[in-house]
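Input: a single structure, listed below in structure tokens.
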Amino acid sequence: MYGTTAKHPEGQKSTSLFALCGVAATVILFGLVSVSQSNVQTQAYATSTLRPGAQILTARNAYGRGATHTTVAQAASVPAMAAIQSSELARPGHAYPKMSATFCAVALSAAAMAAFVSAMLRKKPAELLLPLPIAMAAASGKFVTDKSNEIFEEAKTLMPGGVSSPVRAFKSVGGNPIVFDRVKGAYCWDVDGNQYIDYVGSWGPAIVGHANDEVLDSLRETLKKGTSFGAPCALENVLAKMVIAAVPSVEMVRFTNSGTEACMGMLRMVRAYTKREKVIKFEGCYHGHADGFLVQAGSGVATLGLPDSPGVPAGATAGTLVAQYNDLASVEALLKNHEVAAVILEPVVGNSGFIPPTKEFLVGLRELTTKYGALLVFDEVMTGFRIAYGCAQSYFGVTPDVTTMGKVIGGGLPVGAYGGRKDIMSVVAPAGPPMYQAGTLSGNPLAMAAGIKTMEILQRPGSYEHLDKITKKLIAGILEAGREAGHDVCGGSISGMFGFFFCKGPVLNYQDATKSDTKKFARWHRLMLEHGVYLAPSQFEAGFTSLAHTEADIDKTIAIAREVMKKL
């Protein structure tokens, strides 16, 4: 079992010193009990601080709220229990004697010292830097999800498949999904109290960390003014100007409520502007669940093994042509034979797993679309403000005509947007000849406020350097661990986005991605989950890091990955 003394030759020495410290704590305990005259009852102490599985909350995991006396008591609970239960004090049926506050303080201090020395000798250096709840969960060998299972079983009677979005159901990795209770920084907790290092980040929006304090403060101030206006809001102007200033292709922008909605509006707009009906998308690229896009899509469709979706009429997809990602010849063949309104793609694929483009591919698409009179559209719902502040188009130096966005620009709240050149955007109602698109909650003040603060944080020096550094280290460590264990693996990263496959590679498109060993990925996912690492529950999804992830989080994850790879 990962994290136990059996893995470390110094375990016997550690255990011996732990025993000595435990004896010392017991001696102090008995000495103080004999002279105690206070009315403090240890029954409450025993039931509150000595409960099985009490977690140690470090100052870092307290997130600025400060360590309390309860925190210290919890930290010492395991060795203190051992000391007390070795005495007559803990015999069944005995009442606990009265003890002084001095007794509690000294006994707990001695026990805490025992725990600390034991951890210092047993753990690897990287493990000592990490939150102790994670180390304890891994070492205990217990992974209990009873409450998650109960809630999910009920959810299946209330919602299709028990979820509000298909990939969350864990269909491709097996087992029931864990049910979240809360998130903070780089971590998430389920309803059973298990803590995880999170590499999903709400599927991308949590780039500055979950529940960032500055974002929350901004939301609180905005919330005082109302949750929704259904009318123009000054915050829309602020966020719009930030997007326009950052994204090379955007001169005007329209806010929506989701990435799917943004892509729906974009699709109608490019057809209205060009007066052409057909569009080209790429196999394995996902642009939301609008009928016209559910043709050889990736993400949840690939996870469920559906080539397209029942309920989509033939007429809805008649105007959608499909090319191969990273294959310019397949694109030009379609452009030559059809009047195409737009070529639409994820500039870095995240919905077939992580698949980066070649620079020649993106440059070639720009040249081909210009040559044949089609618009070039980058769907940056996932990559926007994640791989660079100016989005993927800034990172690669290729400027499309239209861009769709979402996730990051809402700071964790529902949002989407599409933007582009003014002459193209001017066809959108009510600006010009009306291409109609509307939304009750579009430009919602809370989403605008969260987006503004998130983008302010991302502009600070070192933000993207940090994302790039930790993500490169993470994927390099995972790949090394896989190869050391004899597995075929390949993968990569760009800034705060990463992914890998269980195959030799290279993976240049969706067809290459399907060669990955998805059964092995399912076992990998489950074992990582049981050891406190939360990853996307599908081989065909990218992973994400955040500004809240630390070097210690990465080291811990790599250490766990190394142990898990050996068990596959």
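So you can find residues: chains in the structure tokens are A, B, ... in the order shown, residues in each start at 1, and ligands are numbered from 1 in order.
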
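Residues with any atom within 6 Å of range 441-444 of chain A, counting only C-alpha atoms and excluding same-chain neighbours fewer than 5 positions away, are Ser228, Glu236, Phe255, Thr256 and Asn257 of chain A.
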
Could those selected residues go to a file with N, CA and C atoms, as a PDB file, in the first residue's frame?
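Here's the written file part.pdb:
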ATOM      1  N   SER A 228     -29.583  39.119 -11.133  1.00  0.00           N
ATOM      2  CA  SER A 228     -29.827  39.185 -12.574  1.00  0.00           C
ATOM      3  C   SER A 228     -30.591  40.459 -12.892  1.00  0.00           C
ATOM      4  N   GLU A 236     -20.688  44.390 -18.219  1.00  0.00           N
ATOM      5  CA  GLU A 236     -20.556  43.816 -19.559  1.00  0.00           C
ATOM      6  C   GLU A 236     -19.519  44.594 -20.370  1.00  0.00           C
ATOM      7  N   PHE A 255     -22.042  38.185 -25.472  1.00  0.00           N
ATOM      8  CA  PHE A 255     -22.024  37.246 -24.356  1.00  0.00           C
ATOM      9  C   PHE A 255     -23.254  36.336 -24.382  1.00  0.00           C
ATOM     10  N   THR A 256     -23.030  35.082 -23.988  1.00  0.00           N
ATOM     11  CA  THR A 256     -24.100  34.095 -23.892  1.00  0.00           C
ATOM     12  C   THR A 256     -23.993  33.403 -22.537  1.00  0.00           C
ATOM     13  N   ASN A 257     -24.708  32.280 -22.391  1.00  0.00           N
ATOM     14  CA  ASN A 257     -24.738  31.597 -21.097  1.00  0.00           C
ATOM     15  C   ASN A 257     -23.923  30.311 -21.038  1.00  0.00           C
TER      16      ASN A 257
END

Residues near Lys336 in chain A, cut-off 9 Å, only C-alpha atoms, skip fewer than 4 positions along chain, as a PyMOL selection string
chain A and resi 331-332+372

Selection near Tyr436 in chain A, 10 Å with only C-alpha atoms, sequence-local residues under 6 positions removed, as a PyMOL selection string:
chain A and resi 265+268-269+427-430

With only C-alpha atoms as the basis for distance, which of A:Pro506, A:Gly230, A:Gly482, A:Gly185 is at the shortest distance from Ile558 in chain A?
A:Gly482

Considering only C-alpha atoms, tabulate each residue of range 346-433 of chain A that lies at most 10 Å from range 207-221 of chain A along with its nearest interatomic pair and the corresponding distance in Å to one decimal; arrange the rows by chain and ascending residue number and present them as JSON lines.
{"residue": "A:Phe385", "atom": "CA", "partner": "A:Ile207", "partner_atom": "CA", "distance": 9.0}
{"residue": "A:Arg386", "atom": "CA", "partner": "A:Ile207", "partner_atom": "CA", "distance": 7.2}
{"residue": "A:Lys407", "atom": "CA", "partner": "A:Ile207", "partner_atom": "CA", "distance": 9.3}
{"residue": "A:Val408", "atom": "CA", "partner": "A:Ile207", "partner_atom": "CA", "distance": 6.8}
{"residue": "A:Gly411", "atom": "CA", "partner": "A:Val215", "partner_atom": "CA", "distance": 7.5}
{"residue": "A:Gly412", "atom": "CA", "partner": "A:His210", "partner_atom": "CA", "distance": 8.1}

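Across the structure, CA of Ala206 in chain A and CA of Lys142 in chain A are spaced 28.8 Å apart.
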
Give me the residues within 9 Å of Glu251 in chain A as JSON, numbers by chain, counting only C-alpha atoms and dropping any in the same chain fewer than 2 places off.
{"A": [243, 244, 245, 247, 248, 249, 253, 419, 420, 421, 422, 425]}

File dump, residues just selected, all heavy atoms, as a PDB file, in the first residue's frame:
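Final output, result_39.pdb:
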ATOM      1  N   VAL A 243     -11.746  41.390 -23.114  1.00  0.00           N
ATOM      2  CA  VAL A 243     -11.679  40.338 -24.130  1.00  0.00           C
ATOM      3  C   VAL A 243     -11.158  40.902 -25.447  1.00  0.00           C
ATOM      4  O   VAL A 243     -10.276  40.316 -26.089  1.00  0.00           O
ATOM      5  CB  VAL A 243     -13.064  39.692 -24.333  1.00  0.00           C
ATOM      6  CG1 VAL A 243     -13.065  38.786 -25.560  1.00  0.00           C
ATOM      7  CG2 VAL A 243     -13.483  38.910 -23.086  1.00  0.00           C
ATOM      8  N   ILE A 244     -11.688  42.041 -25.857  1.00  0.00           N
ATOM      9  CA  ILE A 244     -11.279  42.656 -27.120  1.00  0.00           C
ATOM     10  C   ILE A 244      -9.803  43.031 -27.096  1.00  0.00           C
ATOM     11  O   ILE A 244      -9.071  42.853 -28.082  1.00  0.00           O
ATOM     12  CB  ILE A 244     -12.158  43.892 -27.424  1.00  0.00           C
ATOM     13  CG1 ILE A 244     -13.599  43.439 -27.741  1.00  0.00           C
ATOM     14  CG2 ILE A 244     -11.587  44.716 -28.570  1.00  0.00           C
ATOM     15  CD1 ILE A 244     -14.612  44.569 -27.761  1.00  0.00           C
ATOM     16  N   ALA A 245      -9.339  43.524 -25.965  1.00  0.00           N
ATOM     17  CA  ALA A 245      -7.930  43.922 -25.851  1.00  0.00           C
ATOM     18  C   ALA A 245      -7.002  42.710 -25.887  1.00  0.00           C
ATOM     19  O   ALA A 245      -5.863  42.813 -26.358  1.00  0.00           O
ATOM     20  CB  ALA A 245      -7.718  44.692 -24.547  1.00  0.00           C
ATOM     21  N   VAL A 247      -7.737  39.355 -27.195  1.00  0.00           N
ATOM     22  CA  VAL A 247      -7.885  38.342 -28.245  1.00  0.00           C
ATOM     23  C   VAL A 247      -7.720  38.987 -29.622  1.00  0.00           C
ATOM     24  O   VAL A 247      -8.518  39.842 -30.003  1.00  0.00           O
ATOM     25  CB  VAL A 247      -9.254  37.639 -28.140  1.00  0.00           C
ATOM     26  CG1 VAL A 247      -9.335  36.493 -29.144  1.00  0.00           C
ATOM     27  CG2 VAL A 247      -9.483  37.124 -26.715  1.00  0.00           C
ATOM     28  N   PRO A 248      -6.712  38.590 -30.397  1.00  0.00           N
ATOM     29  CA  PRO A 248      -6.404  39.243 -31.676  1.00  0.00           C
ATOM     30  C   PRO A 248      -7.563  39.318 -32.654  1.00  0.00           C
ATOM     31  O   PRO A 248      -7.699  40.315 -33.381  1.00  0.00           O
ATOM     32  CB  PRO A 248      -5.269  38.373 -32.236  1.00  0.00           C
ATOM     33  CG  PRO A 248      -4.598  37.813 -31.021  1.00  0.00           C
ATOM     34  CD  PRO A 248      -5.700  37.566 -30.054  1.00  0.00           C
ATOM     35  N   SER A 249      -8.412  38.300 -32.706  1.00  0.00           N
ATOM     36  CA  SER A 249      -9.471  38.256 -33.716  1.00  0.00           C
ATOM     37  C   SER A 249     -10.720  39.035 -33.335  1.00  0.00           C
ATOM     38  O   SER A 249     -11.601  39.259 -34.177  1.00  0.00           O
ATOM     39  CB  SER A 249      -9.878  36.798 -33.989  1.00  0.00           C
ATOM     40  OG  SER A 249     -10.495  36.236 -32.844  1.00  0.00           O
ATOM     41  N   VAL A 253     -17.941  41.599 -29.364  1.00  0.00           N
ATOM     42  CA  VAL A 253     -18.240  40.342 -28.696  1.00  0.00           C
ATOM     43  C   VAL A 253     -19.700  40.303 -28.257  1.00  0.00           C
ATOM     44  O   VAL A 253     -20.279  41.340 -27.918  1.00  0.00           O
ATOM     45  CB  VAL A 253     -17.293  40.132 -27.484  1.00  0.00           C
ATOM     46  CG1 VAL A 253     -17.512  41.205 -26.422  1.00  0.00           C
ATOM     47  CG2 VAL A 253     -17.451  38.735 -26.890  1.00  0.00           C
ATOM     48  N   GLY A 419     -17.098  36.204 -30.752  1.00  0.00           N
ATOM     49  CA  GLY A 419     -16.670  37.519 -31.209  1.00  0.00           C
ATOM     50  C   GLY A 419     -15.855  37.401 -32.472  1.00  0.00           C
ATOM     51  O   GLY A 419     -15.453  36.312 -32.885  1.00  0.00           O
ATOM     52  N   GLY A 420     -15.610  38.546 -33.090  1.00  0.00           N
ATOM     53  CA  GLY A 420     -14.837  38.547 -34.322  1.00  0.00           C
ATOM     54  C   GLY A 420     -14.719  39.935 -34.898  1.00  0.00           C
ATOM     55  O   GLY A 420     -14.883  40.937 -34.184  1.00  0.00           O
ATOM     56  N   ARG A 421     -14.452  39.998 -36.195  1.00  0.00           N
ATOM     57  CA  ARG A 421     -14.339  41.289 -36.860  1.00  0.00           C
ATOM     58  C   ARG A 421     -15.673  42.034 -36.794  1.00  0.00           C
ATOM     59  O   ARG A 421     -16.752  41.427 -36.781  1.00  0.00           O
ATOM     60  CB  ARG A 421     -13.947  41.091 -38.335  1.00  0.00           C
ATOM     61  CG  ARG A 421     -12.622  40.412 -38.562  1.00  0.00           C
ATOM     62  CD  ARG A 421     -12.138  40.638 -40.000  1.00  0.00           C
ATOM     63  NE  ARG A 421     -13.192  40.579 -40.992  1.00  0.00           N
ATOM     64  CZ  ARG A 421     -13.397  39.547 -41.824  1.00  0.00           C
ATOM     65  NH1 ARG A 421     -12.611  38.472 -41.754  1.00  0.00           N
ATOM     66  NH2 ARG A 421     -14.376  39.585 -42.716  1.00  0.00           N
ATOM     67  N   LYS A 422     -15.619  43.360 -36.805  1.00  0.00           N
ATOM     68  CA  LYS A 422     -16.841  44.161 -36.689  1.00  0.00           C
ATOM     69  C   LYS A 422     -17.796  43.917 -37.842  1.00  0.00           C
ATOM     70  O   LYS A 422     -19.016  43.881 -37.657  1.00  0.00           O
ATOM     71  CB  LYS A 422     -16.486  45.648 -36.618  1.00  0.00           C
ATOM     72  CG  LYS A 422     -15.986  46.098 -35.254  1.00  0.00           C
ATOM     73  CD  LYS A 422     -15.803  47.617 -35.197  1.00  0.00           C
ATOM     74  CE  LYS A 422     -15.355  48.046 -33.810  1.00  0.00           C
ATOM     75  NZ  LYS A 422     -15.196  49.523 -33.715  1.00  0.00           N
ATOM     76  N   MET A 425     -19.575  40.632 -37.047  1.00  0.00           N
ATOM     77  CA  MET A 425     -20.451  40.744 -35.886  1.00  0.00           C
ATOM     78  C   MET A 425     -21.631  41.673 -36.122  1.00  0.00           C
ATOM     79  O   MET A 425     -22.665  41.572 -35.436  1.00  0.00           O
ATOM     80  CB  MET A 425     -19.645  41.229 -34.675  1.00  0.00           C
ATOM     81  CG  MET A 425     -18.560  40.282 -34.194  1.00  0.00           C
ATOM     82  SD  MET A 425     -19.204  38.688 -33.606  1.00  0.00           S
ATOM     83  CE  MET A 425     -20.161  39.193 -32.174  1.00  0.00           C
TER      84      MET A 425
END

How many Å lie between CA of Asp517 in chain A and CA of Ile554 in chain A, rounded to one decimal?
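Spanning CA of Asp517 in chain A to CA of Ile554 in chain A is a straight-line distance of 24.4 Å.
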
Quick one: residues within 12 Å of range 160-172 of chain A, only C-alpha atoms, excluding same-chain residues fewer than 2 positions away - as a tab-separated table (two decimals) with N, CA, C and O atoms, in the first residue's frame?
chain	number	residue	atom	x	y	z
A	148	SER	N	-21.64	8.97	-1.22
A	148	SER	CA	-21.68	9.26	-2.66
A	148	SER	C	-22.56	8.24	-3.38
A	148	SER	O	-23.40	8.59	-4.22
A	149	ASN	N	-22.38	6.97	-3.04
A	149	ASN	CA	-23.16	5.91	-3.69
A	149	ASN	C	-24.65	6.08	-3.41
A	149	ASN	O	-25.49	5.91	-4.30
A	150	GLU	N	-24.97	6.41	-2.17
A	150	GLU	CA	-26.38	6.57	-1.78
A	150	GLU	C	-27.02	7.73	-2.55
A	150	GLU	O	-28.14	7.61	-3.08
A	151	ILE	N	-26.31	8.84	-2.62
A	151	ILE	CA	-26.84	10.01	-3.33
A	151	ILE	C	-26.97	9.74	-4.82
A	151	ILE	O	-27.97	10.10	-5.45
A	152	PHE	N	-25.97	9.05	-5.40
A	152	PHE	CA	-26.03	8.77	-6.82
A	152	PHE	C	-27.14	7.80	-7.17
A	152	PHE	O	-27.81	7.96	-8.20
A	153	GLU	N	-27.35	6.80	-6.33
A	153	GLU	CA	-28.43	5.85	-6.59
A	153	GLU	C	-29.78	6.57	-6.59
A	153	GLU	O	-30.66	6.28	-7.41
A	154	GLU	N	-29.95	7.50	-5.68
A	154	GLU	CA	-31.19	8.29	-5.67
A	154	GLU	C	-31.26	9.18	-6.91
A	154	GLU	O	-32.32	9.31	-7.52
A	155	ALA	N	-30.12	9.77	-7.28
A	155	ALA	CA	-30.09	10.67	-8.44
A	155	ALA	C	-30.54	9.97	-9.71
A	155	ALA	O	-31.18	10.58	-10.58
A	156	LYS	N	-30.22	8.67	-9.82
A	156	LYS	CA	-30.60	7.93	-11.02
A	156	LYS	C	-32.11	7.79	-11.16
A	156	LYS	O	-32.61	7.54	-12.26
A	157	THR	N	-32.84	7.95	-10.07
A	157	THR	CA	-34.30	7.90	-10.12
A	157	THR	C	-34.89	9.27	-10.41
A	157	THR	O	-36.10	9.38	-10.64
A	158	LEU	N	-34.04	10.30	-10.39
A	158	LEU	CA	-34.51	11.67	-10.54
A	158	LEU	C	-34.05	12.35	-11.83
A	158	LEU	O	-34.74	13.20	-12.38
A	174	GLY	N	-15.92	3.03	-15.04
A	174	GLY	CA	-16.49	2.08	-14.10
A	174	GLY	C	-16.68	2.65	-12.71
A	174	GLY	O	-16.05	3.64	-12.32
A	175	GLY	N	-17.56	2.03	-11.97
A	175	GLY	CA	-17.86	2.50	-10.63
A	175	GLY	C	-18.77	3.71	-10.65
A	175	GLY	O	-19.04	4.31	-11.69
A	176	ASN	N	-19.26	4.06	-9.48
A	176	ASN	CA	-20.11	5.25	-9.37
A	176	ASN	C	-19.25	6.50	-9.25
A	176	ASN	O	-18.13	6.46	-8.72
A	177	PRO	N	-19.76	7.63	-9.70
A	177	PRO	CA	-19.01	8.88	-9.51
A	177	PRO	C	-19.01	9.28	-8.05
A	177	PRO	O	-19.90	8.89	-7.28
A	178	ILE	N	-18.00	10.04	-7.67
A	178	ILE	CA	-18.03	10.62	-6.33
A	178	ILE	C	-18.90	11.87	-6.38
A	178	ILE	O	-18.97	12.56	-7.42
A	179	VAL	N	-19.57	12.15	-5.30
A	179	VAL	CA	-20.44	13.32	-5.21
A	179	VAL	C	-19.71	14.41	-4.44
A	179	VAL	O	-19.30	14.20	-3.29
A	180	PHE	N	-19.52	15.54	-5.05
A	180	PHE	CA	-18.76	16.63	-4.44
A	180	PHE	C	-19.54	17.28	-3.31
A	180	PHE	O	-20.76	17.43	-3.37
A	200	VAL	N	-9.41	18.43	-12.79
A	200	VAL	CA	-10.52	18.68	-13.71
A	200	VAL	C	-10.89	20.17	-13.68
A	200	VAL	O	-11.16	20.77	-14.71
A	202	SER	N	-13.49	21.87	-12.66
A	202	SER	CA	-14.82	22.18	-13.18
A	202	SER	C	-14.82	22.18	-14.70
A	202	SER	O	-15.52	22.94	-15.34
A	203	TRP	N	-13.94	21.31	-15.27
A	203	TRP	CA	-13.76	21.18	-16.72
A	203	TRP	C	-13.16	22.42	-17.35
A	203	TRP	O	-13.43	22.76	-18.50
A	288	GLY	N	-20.18	21.71	-28.58
A	288	GLY	CA	-21.47	21.78	-27.91
A	288	GLY	C	-22.46	20.79	-28.50
A	288	GLY	O	-22.17	20.09	-29.47
A	289	HIS	N	-23.65	20.75	-27.91
A	289	HIS	CA	-24.60	19.71	-28.28
A	289	HIS	C	-25.69	20.17	-29.24
A	289	HIS	O	-26.76	19.54	-29.34
A	298	GLY	N	-16.43	14.45	-30.34
A	298	GLY	CA	-15.62	13.75	-29.35
A	298	GLY	C	-16.28	13.80	-27.99
A	298	GLY	O	-17.49	13.76	-27.86
A	299	SER	N	-15.45	13.90	-26.97
A	299	SER	CA	-15.87	14.07	-25.59
A	299	SER	C	-16.87	13.02	-25.16
A	299	SER	O	-16.65	11.83	-25.30
A	300	GLY	N	-18.03	13.45	-24.62
A	300	GLY	CA	-19.01	12.52	-24.09
A	300	GLY	C	-19.54	11.57	-25.13
A	300	GLY	O	-19.88	10.43	-24.84
A	301	VAL	N	-19.65	12.04	-26.37
A	301	VAL	CA	-20.13	11.17	-27.45
A	301	VAL	C	-19.17	10.01	-27.65
A	301	VAL	O	-19.56	8.85	-27.77
A	302	ALA	N	-17.87	10.31	-27.67
A	302	ALA	CA	-16.87	9.25	-27.83
A	302	ALA	C	-16.86	8.33	-26.61
A	302	ALA	O	-16.73	7.12	-26.73
A	303	THR	N	-17.00	8.91	-25.43
A	303	THR	CA	-16.99	8.13	-24.20
A	303	THR	C	-18.13	7.11	-24.19
A	303	THR	O	-17.98	5.98	-23.75
A	304	LEU	N	-19.30	7.51	-24.69
A	304	LEU	CA	-20.45	6.62	-24.68
A	304	LEU	C	-20.49	5.71	-25.90
A	304	LEU	O	-21.37	4.90	-26.05
A	305	GLY	N	-19.55	5.89	-26.82
A	305	GLY	CA	-19.49	5.04	-28.00
A	305	GLY	C	-20.55	5.36	-29.03
A	305	GLY	O	-20.95	4.48	-29.81
A	351	ASN	N	-11.33	17.52	-26.49
A	351	ASN	CA	-12.49	16.64	-26.37
A	351	ASN	C	-12.29	15.29	-27.04
A	351	ASN	O	-13.26	14.55	-27.24
A	517	ASP	N	-5.47	2.35	-24.92
A	517	ASP	CA	-6.05	1.26	-24.15
A	517	ASP	C	-7.00	1.85	-23.10
A	517	ASP	O	-6.58	2.23	-21.99
A	518	THR	N	-8.28	1.93	-23.45
A	518	THR	CA	-9.24	2.57	-22.56
A	518	THR	C	-9.54	1.74	-21.31
A	518	THR	O	-9.90	2.29	-20.27
A	519	LYS	N	-9.39	0.41	-21.42
A	519	LYS	CA	-9.59	-0.43	-20.23
A	519	LYS	C	-8.48	-0.17	-19.20
A	519	LYS	O	-8.74	-0.11	-18.00
A	520	LYS	N	-7.27	0.00	-19.71
A	520	LYS	CA	-6.16	0.31	-18.80
A	520	LYS	C	-6.36	1.69	-18.19
A	520	LYS	O	-6.08	1.91	-17.01
A	521	PHE	N	-6.84	2.64	-19.01
A	521	PHE	CA	-7.11	3.98	-18.48
A	521	PHE	C	-8.15	3.91	-17.37
A	521	PHE	O	-8.03	4.62	-16.36
A	522	ALA	N	-9.17	3.08	-17.54
A	522	ALA	CA	-10.21	2.96	-16.51
A	522	ALA	C	-9.62	2.48	-15.19
A	522	ALA	O	-9.96	2.99	-14.12
A	523	ARG	N	-8.73	1.48	-15.24
A	523	ARG	CA	-8.08	0.99	-14.01
A	523	ARG	C	-7.20	2.08	-13.41
A	523	ARG	O	-7.16	2.27	-12.18
A	524	TRP	N	-6.45	2.78	-14.27
A	524	TRP	CA	-5.61	3.90	-13.83
A	524	TRP	C	-6.44	4.95	-13.11
A	524	TRP	O	-6.09	5.41	-12.02
A	525	HIS	N	-7.56	5.31	-13.71
A	525	HIS	CA	-8.41	6.36	-13.14
A	525	HIS	C	-8.91	5.96	-11.76
A	525	HIS	O	-8.88	6.76	-10.81
A	526	ARG	N	-9.36	4.72	-11.63
A	526	ARG	CA	-9.92	4.29	-10.35
A	526	ARG	C	-8.87	4.27	-9.25
A	526	ARG	O	-9.12	4.72	-8.12
A	529	LEU	N	-7.96	7.73	-8.19
A	529	LEU	CA	-9.05	8.27	-7.38
A	529	LEU	C	-8.95	7.75	-5.95
A	529	LEU	O	-9.07	8.51	-4.98
A	535	LEU	N	-9.15	12.91	-11.53
A	535	LEU	CA	-8.88	13.16	-12.94
A	535	LEU	C	-10.17	13.04	-13.74
A	535	LEU	O	-11.15	12.44	-13.27
A	536	ALA	N	-10.19	13.58	-14.95
A	536	ALA	CA	-11.37	13.47	-15.80
A	536	ALA	C	-11.72	12.00	-16.01
A	536	ALA	O	-10.85	11.19	-16.35
A	537	PRO	N	-12.97	11.61	-15.83
A	537	PRO	CA	-13.37	10.21	-15.93
A	537	PRO	C	-13.59	9.76	-17.38
A	537	PRO	O	-14.60	9.15	-17.71
A	538	SER	N	-12.64	10.06	-18.24
A	538	SER	CA	-12.69	9.63	-19.63
A	538	SER	C	-11.32	9.78	-20.25
A	538	SER	O	-10.64	10.79	-20.03
A	539	GLN	N	-10.92	8.80	-21.04
A	539	GLN	CA	-9.68	8.91	-21.79
A	539	GLN	C	-9.74	10.06	-22.78
A	539	GLN	O	-8.72	10.65	-23.13
A	540	PHE	N	-10.95	10.43	-23.18
A	540	PHE	CA	-11.13	11.42	-24.23
A	540	PHE	C	-11.45	12.80	-23.66
A	540	PHE	O	-12.32	13.53	-24.17
A	541	GLU	N	-10.76	13.18	-22.61
A	541	GLU	CA	-10.87	14.51	-22.03
A	541	GLU	C	-9.49	14.99	-21.62
A	541	GLU	O	-8.67	14.21	-21.14

Let's see if you can do this: from backbone DSSP, list all helix (DSSP H, G or I) residues in range 320-566 of chain A, as JSON, numbers by chain.
{"A": [328, 329, 330, 331, 332, 333, 334, 335, 336, 337, 359, 360, 361, 362, 363, 364, 365, 366, 367, 368, 369, 370, 371, 372, 391, 392, 393, 394, 395, 396, 407, 408, 409, 410, 422, 423, 424, 425, 445, 446, 447, 448, 449, 450, 451, 452, 453, 454, 455, 456, 457, 458, 463, 464, 465, 466, 467, 468, 469, 470, 471, 472, 473, 474, 475, 476, 477, 478, 479, 480, 481, 482, 483, 484, 510, 511, 512, 513, 518, 519, 520, 521, 522, 523, 524, 525, 526, 527, 528, 529, 530, 551, 552, 553, 554, 555, 556, 557, 558, 559, 560, 561, 562, 563, 564, 565, 566]}

Report as JSON lines: every residue of range 232-315 of chain A with an atom at most 9 Å from range 451-467 of chain A, its closest pair of atoms, and their distance in Å to one decimal, counting only C-alpha atoms, with rows sorted by chain and ascending residue number.
{"residue": "A:Leu235", "atom": "CA", "partner": "A:Ile452", "partner_atom": "CA", "distance": 8.2}
{"residue": "A:Val238", "atom": "CA", "partner": "A:Ile452", "partner_atom": "CA", "distance": 7.4}
{"residue": "A:Leu239", "atom": "CA", "partner": "A:Ile452", "partner_atom": "CA", "distance": 5.7}
{"residue": "A:Met242", "atom": "CA", "partner": "A:Ile452", "partner_atom": "CA", "distance": 7.9}

Apply DSSP to the structure's backbone, then extract all residues of range 368-510 of chain A labelled strand (DSSP E) and return them as a ChimeraX atom specification.
/A:375-379,402-406,416-420,490-494,497-501

Distance criterion (only C-alpha atoms): nearest to Thr274 in chain A out of A:Asp423, A:Met159, A:Thr260, A:Leu294:
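When distances to Thr274 in chain A are compared using only C-alpha atoms, the smallest one comes from A:Asp423.
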
For a test of reading the model, state the distance in Å between CA of Gln511 in chain A and CA of Gly492 in chain A, rounded to one decimal.
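Separation of CA of Gln511 in chain A and CA of Gly492 in chain A: 17.5 Å.
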
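Among the candidates A:Asp401, A:Glu563, A:Glu530, A:Glu480, the one nearest to Asn194 in chain A when counting only C-alpha atoms is A:Glu530.
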